[in-house]
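Written out below as structure tokens is the structure these notes cover.
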Amino acid sequence: MTNPTINLRDLVILIADPSSYVRMISHSMLRGFGANKVLEVGQTTGLLQTLSSQKIDILLCDARLPPHGGLVLTRTIRRNADNVNRTMPILLMSSDTRETTIKSARDAGANMVIAKPMSPKSLYDRLAWIAFNSRNFVDTPTYFGPDRRFKIEGYPGGVGRRKGDKVVEVGQEVGPALAQDDIDSLFSATRTG
Amino acid sequence: MAEQNNNDPNVFSVDTRFQQLARRPGGVSRDRAIDSAQRQIDGMRTDFANWLDREVQELATSVELLDLNRGDMAALDRAHQACCGLRDVGTTMGFELVTFVADNFCGILEAMKAGAPYDREKIDCHIDAFLLARTEPYRNMRPDQVPEMSSGLRRVVELASASATREAK
């Protein structure tokens, strides 16, 4: 699919970020995209209040949202069976783009991770990807969220993708930051085969 | 037919309201949407320079408090939060060097949180780098265009991280 057009009019978009300037920039970008219902919160308390009081169509959440961070929050939202926003798309914004962090975000139930600082192009394309790439949801005793079975395009550093591939040691907590393309490949659901 | 085990995953399709409405015809085309968003950002540039000055000043104030009381974790958290804010918006606003300096400074502050000793010189050189990065000749530069400064700041972060690792042992 090339250059898809998305229509954000009347969609309720919630931006959750501790920095008022990040919220302002993100809000401005979304307005430029045609969004007209954008809400902002600066911390988890405000976010949970908003989620309990109204239906949100998509959440843009900072991975470091105080006090516990966006990953814990994403897991909390996904695991709360009574929450009407349980299956809403969650786009995590993170300046920490190490592979371990991206995988943690995926395992928490995020639909996609976008690297900070964001550009209008990167934000638009991530929103379009979520809009046009439906993914099943999976409910297990340990996970609730978008299907995590992925077609891995290949990790930086030569980590194998098949059972028979040569095993390569992967570092524990440290590692280079991933480029947005590499982040996307960790979220690209298998469509064929 | 085999009975489903309680531990078997339940897989179901979800067509969210976001997906339904975002796919409607009548949206702004991608190129126009991105242009329009970029114009919104361009319109914020003048204010951004003022905001940047205020944030760097607040950062310096938090650091001054740390200088008075090196165990002031609240001041360290405030400085880190402010620094993350600078890192997260610099490049978006066209100030790539600001993001670079802020990212480095975040590394210093994280090392201090992890136990690296307070080092006024490491902090001062980053505050000075912020002041330089916001000035007209430097604000549009990338880190690779000022290699001496970039490699110097990187080296400072490496030393701070190594120091934190030693303290942790």
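Within each chain, counting starts at residue 1; across the structure tokens, chains are named A, B, ... in the order shown, with ligands numbered 1 upward in that order.
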What residues in chain B lie within 7 Å of chain A, counting only C-alpha atoms, written as a PyMOL selection string?
chain B and resi 7-14+16-19+21-30+33-34+36-38+40-41+85+88-89+91-92
Just-selected residues, N, CA, C and O atoms written as a short mmCIF file (atom, residue, chain, number, x, y, z; two decimals), in the first residue's frame:
```cif
data_model
loop_
_atom_site.label_atom_id
_atom_site.label_comp_id
_atom_site.auth_asym_id
_atom_site.auth_seq_id
_atom_site.Cartn_x
_atom_site.Cartn_y
_atom_site.Cartn_z
N ASN B 7 -6.35 -22.70 28.87
CA ASN B 7 -5.10 -21.98 28.61
C ASN B 7 -4.89 -21.68 27.14
O ASN B 7 -3.93 -21.02 26.78
N ASP B 8 -5.77 -22.22 26.28
CA ASP B 8 -5.64 -21.94 24.86
C ASP B 8 -5.91 -20.47 24.60
O ASP B 8 -6.81 -19.88 25.21
N PRO B 9 -5.13 -19.86 23.73
CA PRO B 9 -5.39 -18.44 23.45
C PRO B 9 -6.72 -18.24 22.73
O PRO B 9 -7.09 -19.04 21.87
N ASN B 10 -7.41 -17.22 23.12
CA ASN B 10 -8.63 -16.83 22.43
C ASN B 10 -8.24 -15.73 21.43
O ASN B 10 -7.79 -14.66 21.83
N VAL B 11 -8.39 -16.05 20.16
CA VAL B 11 -8.00 -15.08 19.12
C VAL B 11 -9.27 -14.56 18.45
O VAL B 11 -10.11 -15.34 18.03
N PHE B 12 -9.40 -13.25 18.39
CA PHE B 12 -10.61 -12.67 17.80
C PHE B 12 -10.26 -11.39 17.05
O PHE B 12 -9.25 -10.74 17.35
N SER B 13 -11.10 -11.08 16.08
CA SER B 13 -10.81 -9.88 15.30
C SER B 13 -11.46 -8.66 15.96
O SER B 13 -12.51 -8.76 16.57
N VAL B 14 -10.79 -7.53 15.82
CA VAL B 14 -11.29 -6.28 16.38
C VAL B 14 -11.22 -5.23 15.28
O VAL B 14 -10.17 -5.01 14.69
N THR B 16 -11.68 -1.55 15.26
CA THR B 16 -11.91 -0.43 16.18
C THR B 16 -12.55 0.75 15.44
O THR B 16 -12.50 0.85 14.22
N ARG B 17 -13.12 1.64 16.24
CA ARG B 17 -13.73 2.84 15.67
C ARG B 17 -12.66 3.65 14.95
O ARG B 17 -12.92 4.27 13.92
N PHE B 18 -11.44 3.65 15.51
CA PHE B 18 -10.35 4.37 14.85
C PHE B 18 -10.16 3.85 13.43
O PHE B 18 -10.07 4.62 12.47
N GLN B 19 -10.10 2.53 13.31
CA GLN B 19 -9.86 1.96 11.98
C GLN B 19 -11.04 2.24 11.04
O GLN B 19 -10.84 2.58 9.88
N LEU B 21 -13.27 4.71 11.12
CA LEU B 21 -13.40 6.12 10.71
C LEU B 21 -12.17 6.63 9.95
O LEU B 21 -12.29 7.43 9.03
N ALA B 22 -11.00 6.14 10.32
CA ALA B 22 -9.78 6.62 9.66
C ALA B 22 -9.73 6.20 8.19
O ALA B 22 -9.10 6.85 7.37
N ARG B 23 -10.44 5.10 7.87
CA ARG B 23 -10.43 4.64 6.47
C ARG B 23 -11.50 5.31 5.61
O ARG B 23 -11.61 5.03 4.42
N ARG B 24 -12.33 6.16 6.24
CA ARG B 24 -13.39 6.82 5.46
C ARG B 24 -12.78 7.65 4.34
O ARG B 24 -11.70 8.23 4.51
N PRO B 25 -13.46 7.75 3.25
CA PRO B 25 -12.98 8.70 2.24
C PRO B 25 -13.15 10.13 2.76
O PRO B 25 -13.90 10.36 3.70
N GLY B 26 -12.46 11.04 2.13
CA GLY B 26 -12.63 12.45 2.51
C GLY B 26 -11.54 12.98 3.40
O GLY B 26 -11.61 14.13 3.86
N GLY B 27 -10.53 12.14 3.69
CA GLY B 27 -9.43 12.62 4.52
C GLY B 27 -8.49 13.52 3.74
O GLY B 27 -8.60 13.65 2.52
N VAL B 28 -7.58 14.15 4.49
CA VAL B 28 -6.57 15.00 3.85
C VAL B 28 -5.50 14.07 3.28
O VAL B 28 -5.04 13.16 3.97
N SER B 29 -5.10 14.28 2.03
CA SER B 29 -4.10 13.38 1.43
C SER B 29 -2.81 13.43 2.23
O SER B 29 -2.51 14.43 2.90
N ARG B 30 -2.05 12.36 2.16
CA ARG B 30 -0.84 12.24 2.97
C ARG B 30 0.09 13.45 2.78
O ARG B 30 0.54 14.05 3.76
N ALA B 33 -1.40 16.57 4.22
CA ALA B 33 -1.47 16.48 5.69
C ALA B 33 -0.10 16.75 6.30
O ALA B 33 0.03 17.50 7.28
N ILE B 34 0.92 16.15 5.71
CA ILE B 34 2.28 16.32 6.25
C ILE B 34 2.75 17.76 6.06
O ILE B 34 3.33 18.37 6.96
N SER B 36 0.86 20.38 5.87
CA SER B 36 0.08 21.22 6.77
C SER B 36 0.62 21.11 8.20
O SER B 36 0.75 22.12 8.91
N ALA B 37 0.96 19.88 8.62
CA ALA B 37 1.52 19.69 9.97
C ALA B 37 2.87 20.40 10.09
O ALA B 37 3.17 21.02 11.11
N GLN B 38 3.66 20.32 9.03
CA GLN B 38 4.97 20.97 9.06
C GLN B 38 4.82 22.48 9.16
O GLN B 38 5.58 23.15 9.87
N GLN B 40 2.38 24.02 10.62
CA GLN B 40 1.99 24.30 12.01
C GLN B 40 3.25 24.38 12.89
O GLN B 40 3.38 25.26 13.73
N ILE B 41 4.16 23.43 12.65
CA ILE B 41 5.40 23.40 13.44
C ILE B 41 6.26 24.62 13.13
O ILE B 41 6.80 25.26 14.03
N GLY B 85 12.53 16.51 28.05
CA GLY B 85 11.64 17.36 27.26
C GLY B 85 12.37 18.04 26.12
O GLY B 85 11.88 18.09 24.99
N ASP B 88 13.22 15.50 23.42
CA ASP B 88 12.08 14.99 22.66
C ASP B 88 11.52 15.95 21.63
O ASP B 88 10.72 15.55 20.79
N VAL B 89 11.88 17.23 21.73
CA VAL B 89 11.30 18.18 20.78
C VAL B 89 12.34 18.87 19.88
O VAL B 89 11.97 19.42 18.83
N THR B 91 14.77 18.09 17.66
CA THR B 91 14.86 17.76 16.23
C THR B 91 13.56 18.08 15.50
O THR B 91 13.59 18.56 14.36
N THR B 92 12.44 17.82 16.14
CA THR B 92 11.15 18.13 15.51
C THR B 92 11.07 19.60 15.14
O THR B 92 10.55 19.96 14.08
#
```
Mind checking which residues fall within 7 Å of Gly107 in chain B, counting only C-alpha atoms, ignoring those fewer than 4 positions away in the same chain, and posting them as a PyMOL selection string?
chain B and resi 103+111+157
With C-alpha atoms retained, export the selected residues as a tab-separated table (two decimals), in the first residue's frame.
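Dumped to part-v3.tsv:
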```
chain	number	residue	atom	x	y	z
B	103	ASP	CA	20.35	13.18	24.93
B	111	ALA	CA	24.43	7.98	35.46
B	157	VAL	CA	28.94	10.56	29.00
```
State, in Å with one decimal place, the distance from CA of Pro67 in chain A to CA of Ala16 in chain A.
12.3 Å
DSSP on the backbone: which residues in range 5-187 of chain A end up as alpha helix (DSSP H)? Give the answer as an MDAnalysis selection string.
chainID A and resid 20:32 44:53 70:79 99:108 120:132 180:187
Please provide the set of residues having any atom within 8 Å of Ile90 in chain A, restricted to only C-alpha atoms, with same-chain residues fewer than 5 positions apart removed, written as a PyMOL selection string.
chain A and resi 58-61+74+109-112
Save the residues we just selected, C-alpha atoms, as a PDB file, in the first residue's frame?
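Dumped everything to again.pdb:
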```pdb
ATOM      1  CA  ILE A  58      -6.572   6.142  19.841  1.00  0.00           C
ATOM      2  CA  LEU A  59      -4.004   6.820  22.556  1.00  0.00           C
ATOM      3  CA  LEU A  60      -0.586   8.363  21.915  1.00  0.00           C
ATOM      4  CA  CYS A  61       1.298   7.642  25.119  1.00  0.00           C
ATOM      5  CA  THR A  74      -0.553  -0.132  28.471  1.00  0.00           C
ATOM      6  CA  GLY A 109       0.148  -4.720  24.190  1.00  0.00           C
ATOM      7  CA  ALA A 110       1.138  -1.590  22.273  1.00  0.00           C
ATOM      8  CA  ASN A 111       0.078  -1.511  18.622  1.00  0.00           C
ATOM      9  CA  MET A 112       3.160   0.403  17.516  1.00  0.00           C
TER      10      MET A 112
END
```
Tell me, which residues of range 45-189 of chain A carry DSSP strand (DSSP E or B), written as a list in words?
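Of range 45-189 of chain A, only Ile58, Leu59, Leu60, Cys61, Asp62, Ile90, Leu91, Leu92, Met93, Ser94, Arg98, Met112, Val113, Ile114, Ala115, Phe137, Val138, Asp139, Phe144, Gly145, Pro146, Phe150, Ala177 and Ala189 of chain A fall in strand (DSSP E or B).
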Restricting it to C-alpha atoms, dump the selection as a JSON list (two decimals), in the first residue's frame.
```
[["chain", "number", "residue", "atom", "x", "y", "z"],
["A", 58, "ILE", "CA", -6.57, 6.14, 19.84],
["A", 59, "LEU", "CA", -4.00, 6.82, 22.56],
["A", 60, "LEU", "CA", -0.59, 8.36, 21.92],
["A", 61, "CYS", "CA", 1.30, 7.64, 25.12],
["A", 62, "ASP", "CA", 4.85, 8.48, 26.20],
["A", 90, "ILE", "CA", -2.08, 2.44, 21.57],
["A", 91, "LEU", "CA", 0.85, 4.19, 19.93],
["A", 92, "LEU", "CA", 3.77, 4.41, 22.33],
["A", 93, "MET", "CA", 6.17, 7.32, 21.88],
["A", 94, "SER", "CA", 9.68, 6.59, 23.08],
["A", 98, "ARG", "CA", 16.73, -0.21, 22.10],
["A", 112, "MET", "CA", 3.16, 0.40, 17.52],
["A", 113, "VAL", "CA", 6.13, 2.39, 18.82],
["A", 114, "ILE", "CA", 7.17, 5.72, 17.35],
["A", 115, "ALA", "CA", 10.65, 7.09, 17.98],
["A", 137, "PHE", "CA", -6.46, -9.62, 19.34],
["A", 138, "VAL", "CA", -5.14, -12.41, 21.51],
["A", 139, "ASP", "CA", -6.46, -13.17, 24.98],
["A", 144, "PHE", "CA", -4.10, -9.43, 26.13],
["A", 145, "GLY", "CA", -3.43, -7.33, 23.08],
["A", 146, "PRO", "CA", -2.75, -7.27, 19.35],
["A", 150, "PHE", "CA", 5.42, -11.25, 13.40],
["A", 177, "ALA", "CA", 19.01, 2.33, 19.40],
["A", 189, "ALA", "CA", 2.23, -8.62, 11.43]]
```
